[in-house]
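Encoded as structure tokens, the structure appears first; notes follow it.
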Amino acid sequence: MGHPHLRGNVAQAQESILLIDPYDDERGYLAEGVLQPYNFAVMHTSDGSEGFQWAMQYRPDVIILDLNPEGLTAHDFMAAMSSQSLDMPVIIIADQGEESHALSAFRLGAKDYVVRPFRETELLQVIERAMREVRIKR
């Protein structure tokens, strides 16, 4: 298993996001074009199993999870988080028409979701809401 593509220094109190998205172009754009400019430390992978290992090891503040990453479905990812008592907010990315699957992820504890094609501002608002809860818990 590789190490996460990590930008920024997680050792600092910088807020961290784990992005699990099977679409290379979208993942790269979100990590480097959207999240890093807002000073988030971003780990990203296309693989749900690898992402889950990183979630356990690095405990990111927020996880952004595509409904259908490689290796592990979002449903299985959420079930595994629950079984390991991992309590970090998960934001689901769904394609149009997949809203019912997003709802099943909600039942397993997802915090929020966005539907493609989403706007940057929409995603950032959802992340900010999740981060507010994280900051309050701290």
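Residues are named by chain letter and number: chains run A, B, ... in the order of the structure tokens, numbers start at 1 in each chain, and ligands are numbered from 1 in the order shown.
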
Each region 6-119 of chain A residue no farther than 9 Å from region 123-127 of chain A, nearest pair in Å, only C-alpha atoms, as CSV:
```
residue,atom,partner,partner_atom,distance
A:Val34,CA,A:Leu124,CA,8.2
A:Leu35,CA,A:Leu124,CA,8.1
A:Val62,CA,A:Ile127,CA,7.6
A:Ile64,CA,A:Ile127,CA,8.6
A:Ile91,CA,A:Ile127,CA,7.7
A:Asp112,CA,A:Val126,CA,7.0
A:Tyr113,CA,A:Val126,CA,7.7
A:Val114,CA,A:Leu123,CA,6.8
A:Phe118,CA,A:Leu123,CA,7.0
A:Arg119,CA,A:Leu123,CA,6.5
```

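Minimum atom-to-atom distance to Ala94 (chain A), evaluated using only C-alpha atoms, belongs to A:Asp66 out of A:Glu122, A:Glu15, A:Asp76, A:Asp66.
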
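Using only C-alpha atoms, the shortest contact distance between Pro89 (chain A) and any of A:Gly48, A:Gly71, A:Pro117, A:Pro60 is found at A:Pro60.
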
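Between CA of Gly33 (chain A) and CA of Ser49 (chain A) the interatomic distance comes to 24.8 Å.
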
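For Arg116 (chain A), the set of protein, DNA and RNA residues having any atom at most 10 Å away, when counting only C-alpha atoms and skipping those fewer than 3 positions along the same chain, is A:Ile93, A:Ala94, A:Asp95, A:Gln96, A:Gly97, A:Glu98, A:Arg119.
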
Only N, CA, C and O atoms, please: the residues just picked out, written as a CSV table (one decimal), in the first residue's frame.
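As written to disk, result.csv reads:
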```csv
chain,number,residue,atom,x,y,z
A,93,ILE,N,-20.1,12.1,-2.8
A,93,ILE,CA,-20.2,12.6,-4.1
A,93,ILE,C,-21.0,11.6,-4.9
A,93,ILE,O,-20.6,10.4,-5.0
A,94,ALA,N,-22.2,12.0,-5.4
A,94,ALA,CA,-23.0,11.1,-6.2
A,94,ALA,C,-23.2,11.7,-7.6
A,94,ALA,O,-23.2,12.9,-7.8
A,95,ASP,N,-23.5,10.8,-8.5
A,95,ASP,CA,-23.9,11.2,-9.9
A,95,ASP,C,-25.4,11.5,-9.9
A,95,ASP,O,-26.1,10.9,-9.0
A,96,GLN,N,-25.8,12.3,-10.8
A,96,GLN,CA,-27.3,12.5,-10.9
A,96,GLN,C,-28.0,11.1,-11.1
A,96,GLN,O,-27.5,10.3,-11.8
A,97,GLY,N,-29.1,10.9,-10.4
A,97,GLY,CA,-29.8,9.7,-10.5
A,97,GLY,C,-29.4,8.7,-9.4
A,97,GLY,O,-30.0,7.6,-9.2
A,98,GLU,N,-28.3,9.0,-8.7
A,98,GLU,CA,-27.8,8.1,-7.6
A,98,GLU,C,-28.3,8.6,-6.2
A,98,GLU,O,-27.8,8.1,-5.2
A,119,ARG,N,-21.0,22.7,-8.1
A,119,ARG,CA,-20.1,23.9,-8.2
A,119,ARG,C,-19.1,23.8,-7.0
A,119,ARG,O,-19.4,23.3,-6.0
```

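Of note, CA of Ala74 (chain A) and CA of Lys137 (chain A) are spaced 24.5 Å apart.
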
Give me, as a PyMOL selection string, the residues of chain A that a backbone DSSP run labels alpha helix (DSSP H). chain A and resi 24-28+48-58+74-83+99-107+120-137

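Counting only C-alpha atoms, Val90 (chain A) has the following residues at most 6 Å away, ignoring those fewer than 5 positions along the same chain: A:Ile63, A:Ile64, A:Ala110, A:Lys111.
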
Contact residues around Leu86 (chain A) with only C-alpha atoms at 12 Å, ignoring same-chain residues under 5 positions, as a PyMOL selection string: chain A and resi 52-63+77-81+109-110

Would you mind exporting the chosen residues as an mmCIF file, in the first residue's frame, restricted to C-alpha atoms?
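File produced: selection26.cif:
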```
data_model
loop_
_atom_site.group_PDB
_atom_site.id
_atom_site.type_symbol
_atom_site.label_atom_id
_atom_site.label_comp_id
_atom_site.auth_asym_id
_atom_site.auth_seq_id
_atom_site.Cartn_x
_atom_site.Cartn_y
_atom_site.Cartn_z
ATOM 1 C CA PHE A 52 -10.102 3.357 4.465
ATOM 2 C CA GLN A 53 -6.594 2.345 5.595
ATOM 3 C CA TRP A 54 -5.561 6.007 5.462
ATOM 4 C CA ALA A 55 -8.672 7.047 7.397
ATOM 5 C CA MET A 56 -7.685 4.671 10.198
ATOM 6 C CA GLN A 57 -4.019 5.679 10.124
ATOM 7 C CA TYR A 58 -4.212 9.459 9.606
ATOM 8 C CA ARG A 59 -7.649 10.334 11.059
ATOM 9 C CA PRO A 60 -8.462 13.168 8.622
ATOM 10 C CA ASP A 61 -10.918 15.846 9.772
ATOM 11 C CA VAL A 62 -13.313 15.244 6.861
ATOM 12 C CA ILE A 63 -13.671 12.513 4.223
ATOM 13 C CA PHE A 77 -16.719 2.034 3.479
ATOM 14 C CA MET A 78 -19.353 3.534 5.811
ATOM 15 C CA ALA A 79 -20.080 0.126 7.378
ATOM 16 C CA ALA A 80 -16.349 -0.405 7.984
ATOM 17 C CA MET A 81 -16.043 3.057 9.576
ATOM 18 C CA GLY A 109 -23.777 7.917 8.970
ATOM 19 C CA ALA A 110 -22.747 10.136 6.037
#
```

Non-local contacts of region 22-31 of chain A (8 Å; only C-alpha atoms; under 3 positions in same chain excluded) as an MDAnalysis selection string: chainID A and resid 19 34:36 42:47 66 68:70
